[in-house]
Amino acid sequence: MSVTKSDLLAYVKIEFDKNLGPVLKEWEKFDENFDVDIEKMFVNFYLWFLGGDMDKKARPRIIIFDKFSIVSSIRGMNVDCFFIKNKKKPVRNVRELRKLVKKLKQR
């Protein structure tokens with residue numbers, strides 16, 4: 001399913017520092033009405049996708065809430081979160097989301 005600029009609410013990049021734990025490296029809101037406090041919640045986002053036993057293969061890639069979904073891309077100990085509006089079918093194409101974020105950040 002294709003994702004458009006109007007579907008993307010925010011992007012968050014969280015990296016893991018072995019001394020500090022999860023660190024908010026980058027974030028940007030693309031919808032001014034999106035009211036999630038990213039600076040207060042980023043550790044929760046990190047734990048939702050990477051918390052628990054690191055040896056387990058089953059980790060969530062998407063979490064669906066009433067008003068939006070969070071699609072994750074996990075690379076090692078780092079997590080990228082894409083906040084998108086809910087659709088009938090969840091958006092799962094992380095490559096497409098990355099391209100869209102890159103395009104929007106260049107403007």
# chains A, B, ... in the order shown; residues from 1 in each chain; ligands from 1

$ select_by_dssp --residues "chain A" --states "strand (DSSP E)" --output "PyMOL selection string"
chain A and resi 8-17+21-29+62-64+68-75+78-85

$ residues_around --residues "Phe65 in chain A" --least-positions-apart "3" --cutoff "10 Å" --atoms "only C-alpha atoms" --output "PDB file with C-alpha atoms, in the first residue's frame"
ATOM      1  CA  ILE A  62       3.907  -2.087  13.866  1.00  0.00           C
ATOM      2  CA  PHE A  68      -2.346   6.479  14.384  1.00  0.00           C
ATOM      3  CA  SER A  69       0.132   3.635  13.939  1.00  0.00           C
ATOM      4  CA  ILE A  70       3.853   3.372  14.594  1.00  0.00           C
ATOM      5  CA  LYS A  85      -2.381   7.852  10.003  1.00  0.00           C
ATOM      6  CA  ASN A  86      -4.405   4.673  10.184  1.00  0.00           C
TER       7      ASN A  86
END

$ residues_around --residues "Tyr46 in chain A" --least-positions-apart "2" --cutoff "9 Å" --atoms "only C-alpha atoms" --output "mmCIF file with C-alpha atoms, in the first residue's frame"
data_model
loop_
_atom_site.group_PDB
_atom_site.id
_atom_site.type_symbol
_atom_site.label_atom_id
_atom_site.label_comp_id
_atom_site.auth_asym_id
_atom_site.auth_seq_id
_atom_site.Cartn_x
_atom_site.Cartn_y
_atom_site.Cartn_z
ATOM 1 C CA ILE A 14 16.396 6.504 18.532
ATOM 2 C CA GLU A 15 19.919 5.203 18.986
ATOM 3 C CA PRO A 22 18.168 5.064 24.443
ATOM 4 C CA MET A 41 7.859 9.328 25.166
ATOM 5 C CA PHE A 42 10.864 8.216 23.079
ATOM 6 C CA VAL A 43 12.145 5.744 25.717
ATOM 7 C CA ASN A 44 8.707 4.092 25.707
ATOM 8 C CA TRP A 48 7.963 -1.209 22.875
ATOM 9 C CA PHE A 49 10.031 -2.339 19.923
ATOM 10 C CA LEU A 50 13.302 -3.505 21.528
ATOM 11 C CA GLY A 51 12.510 -4.166 25.186
ATOM 12 C CA ASN A 78 18.688 1.425 17.002
ATOM 13 C CA VAL A 79 15.041 2.060 16.127
ATOM 14 C CA ASP A 80 13.433 4.335 13.554
ATOM 15 C CA CYS A 81 9.741 5.005 14.186
#

$ select_by_dssp --residues "chain A" --states "helix (DSSP H, G or I)" --output "MDAnalysis selection string"
chainID A and resid 5:7 38:50 94:105

$ write_last_selection --atoms "N, CA and C atoms" --output "compact mmCIF listing (two decimals), in the first residue's frame"
# COMPACT_ATOMS: atom_id res chain seq x y z
N LYS A 5 2.54 11.96 1.61
CA LYS A 5 2.94 12.98 2.58
C LYS A 5 1.84 13.22 3.62
N SER A 6 0.60 13.19 3.20
CA SER A 6 -0.51 13.46 4.13
C SER A 6 -0.71 12.32 5.14
N ASP A 7 -0.14 11.14 4.86
CA ASP A 7 -0.25 10.00 5.78
C ASP A 7 0.77 10.06 6.91
N ILE A 38 6.95 13.65 21.85
CA ILE A 38 8.02 12.72 21.47
C ILE A 38 9.18 12.78 22.45
N GLU A 39 9.54 13.96 22.91
CA GLU A 39 10.69 14.09 23.82
C GLU A 39 10.45 13.38 25.15
N LYS A 40 9.22 13.27 25.58
CA LYS A 40 8.92 12.57 26.83
C LYS A 40 8.68 11.07 26.61
N MET A 41 8.30 10.69 25.41
CA MET A 41 7.86 9.33 25.17
C MET A 41 8.86 8.44 24.42
N PHE A 42 9.99 8.99 23.96
CA PHE A 42 10.86 8.22 23.08
C PHE A 42 11.41 6.95 23.73
N VAL A 43 11.65 6.96 25.05
CA VAL A 43 12.14 5.74 25.72
C VAL A 43 11.06 4.66 25.66
N ASN A 44 9.81 5.06 25.83
CA ASN A 44 8.71 4.09 25.71
C ASN A 44 8.67 3.49 24.31
N PHE A 45 8.82 4.32 23.28
CA PHE A 45 8.82 3.81 21.92
C PHE A 45 9.92 2.78 21.75
N TYR A 46 11.09 3.11 22.28
CA TYR A 46 12.24 2.21 22.17
C TYR A 46 11.93 0.86 22.83
N LEU A 47 11.40 0.92 24.05
CA LEU A 47 11.12 -0.31 24.79
C LEU A 47 10.00 -1.13 24.16
N TRP A 48 9.03 -0.47 23.55
CA TRP A 48 7.96 -1.21 22.87
C TRP A 48 8.52 -2.10 21.77
N PHE A 49 9.51 -1.60 21.06
CA PHE A 49 10.03 -2.34 19.92
C PHE A 49 11.27 -3.17 20.25
N LEU A 50 12.06 -2.77 21.23
CA LEU A 50 13.30 -3.51 21.53
C LEU A 50 13.43 -3.96 22.97
N VAL A 94 8.66 -0.12 4.91
CA VAL A 94 9.60 0.78 5.56
C VAL A 94 10.47 1.51 4.54
N ARG A 95 10.83 0.85 3.46
CA ARG A 95 11.65 1.49 2.42
C ARG A 95 10.93 2.71 1.85
N GLU A 96 9.65 2.55 1.60
CA GLU A 96 8.85 3.64 1.08
C GLU A 96 8.73 4.78 2.10
N LEU A 97 8.59 4.43 3.36
CA LEU A 97 8.53 5.45 4.42
C LEU A 97 9.84 6.22 4.52
N ARG A 98 10.97 5.51 4.45
CA ARG A 98 12.28 6.17 4.50
C ARG A 98 12.45 7.17 3.36
N LYS A 99 12.06 6.77 2.16
CA LYS A 99 12.17 7.67 1.00
C LYS A 99 11.31 8.92 1.20
N LEU A 100 10.12 8.75 1.72
CA LEU A 100 9.22 9.87 1.94
C LEU A 100 9.79 10.82 2.98
N VAL A 101 10.33 10.31 4.09
CA VAL A 101 10.93 11.15 5.14
C VAL A 101 12.11 11.92 4.56
N LYS A 102 12.96 11.26 3.81
CA LYS A 102 14.12 11.92 3.21
C LYS A 102 13.69 13.05 2.29
N LYS A 103 12.66 12.80 1.50
CA LYS A 103 12.14 13.81 0.57
C LYS A 103 11.56 15.00 1.34
N LEU A 104 10.82 14.75 2.40
CA LEU A 104 10.21 15.84 3.18
C LEU A 104 11.26 16.66 3.94
N LYS A 105 12.31 16.03 4.38
CA LYS A 105 13.37 16.73 5.13
C LYS A 105 14.20 17.63 4.23

$ closest_residue --among "A:Asp37, A:Val71, A:Arg59, A:Met77" --to "Asp17 in chain A" --atoms "only C-alpha atoms"
A:Met77

$ residues_around --residues "range 26-36 of chain A" --least-positions-apart "3" --cutoff "6 Å" --atoms "only C-alpha atoms" --output "ChimeraX atom specification"
/A:9-13

$ write_last_selection --atoms "N, CA and C atoms" --output "JSON list (two decimals), in the first residue's frame"
[["chain", "number", "residue", "atom", "x", "y", "z"],
["A", 9, "LEU", "N", 2.81, 11.39, 9.94],
["A", 9, "LEU", "CA", 2.63, 12.33, 11.05],
["A", 9, "LEU", "C", 3.96, 12.78, 11.65],
["A", 10, "ALA", "N", 4.89, 11.83, 11.83],
["A", 10, "ALA", "CA", 6.18, 12.16, 12.46],
["A", 10, "ALA", "C", 7.18, 11.05, 12.19],
["A", 11, "TYR", "N", 8.45, 11.40, 12.39],
["A", 11, "TYR", "CA", 9.55, 10.45, 12.27],
["A", 11, "TYR", "C", 10.45, 10.62, 13.49],
["A", 12, "VAL", "N", 10.87, 9.50, 14.07],
["A", 12, "VAL", "CA", 11.73, 9.52, 15.26],
["A", 12, "VAL", "C", 12.87, 8.52, 15.05],
["A", 13, "LYS", "N", 14.10, 8.98, 15.32],
["A", 13, "LYS", "CA", 15.27, 8.10, 15.25],
["A", 13, "LYS", "C", 15.85, 7.99, 16.66]]

$ atom_distance --atom1 "CA of Lys87 in chain A" --atom2 "CA of Ile74 in chain A"
22.5 Å

$ closest_residue --among "A:Lys88, A:Ser73, A:Leu20, A:Leu8" --to "Pro60 in chain A" --atoms "only C-alpha atoms"
A:Ser73

$ residues_around --residues "Lys89 in chain A" --least-positions-apart "5" --cutoff "12 Å" --atoms "only C-alpha atoms" --output "mmCIF file with N, CA and C atoms, in the first residue's frame"
data_model
loop_
_atom_site.group_PDB
_atom_site.id
_atom_site.type_symbol
_atom_site.label_atom_id
_atom_site.label_comp_id
_atom_site.auth_asym_id
_atom_site.auth_seq_id
_atom_site.Cartn_x
_atom_site.Cartn_y
_atom_site.Cartn_z
ATOM 1 N N MET A 1 0.845 -1.179 0.000
ATOM 2 C CA MET A 1 0.000 0.000 0.000
ATOM 3 C C MET A 1 0.887 1.238 0.000
ATOM 4 N N SER A 2 0.554 2.175 -0.826
ATOM 5 C CA SER A 2 1.344 3.387 -0.986
ATOM 6 C C SER A 2 1.088 4.374 0.154
ATOM 7 N N VAL A 3 2.130 5.077 0.535
ATOM 8 C CA VAL A 3 2.032 6.085 1.584
ATOM 9 C C VAL A 3 2.323 7.448 0.971
ATOM 10 N N ILE A 62 4.919 -3.129 13.976
ATOM 11 C CA ILE A 62 3.907 -2.087 13.866
ATOM 12 C C ILE A 62 2.997 -2.171 15.091
ATOM 13 N N ILE A 64 -0.602 -0.454 16.394
ATOM 14 C CA ILE A 64 -1.747 0.310 15.916
ATOM 15 C C ILE A 64 -2.541 0.845 17.099
ATOM 16 N N SER A 69 -0.681 4.841 13.793
ATOM 17 C CA SER A 69 0.132 3.635 13.939
ATOM 18 C C SER A 69 1.599 4.040 13.983
ATOM 19 N N ILE A 84 2.205 7.164 11.424
ATOM 20 C CA ILE A 84 1.359 7.356 10.258
ATOM 21 C C ILE A 84 -0.116 7.292 10.639
#
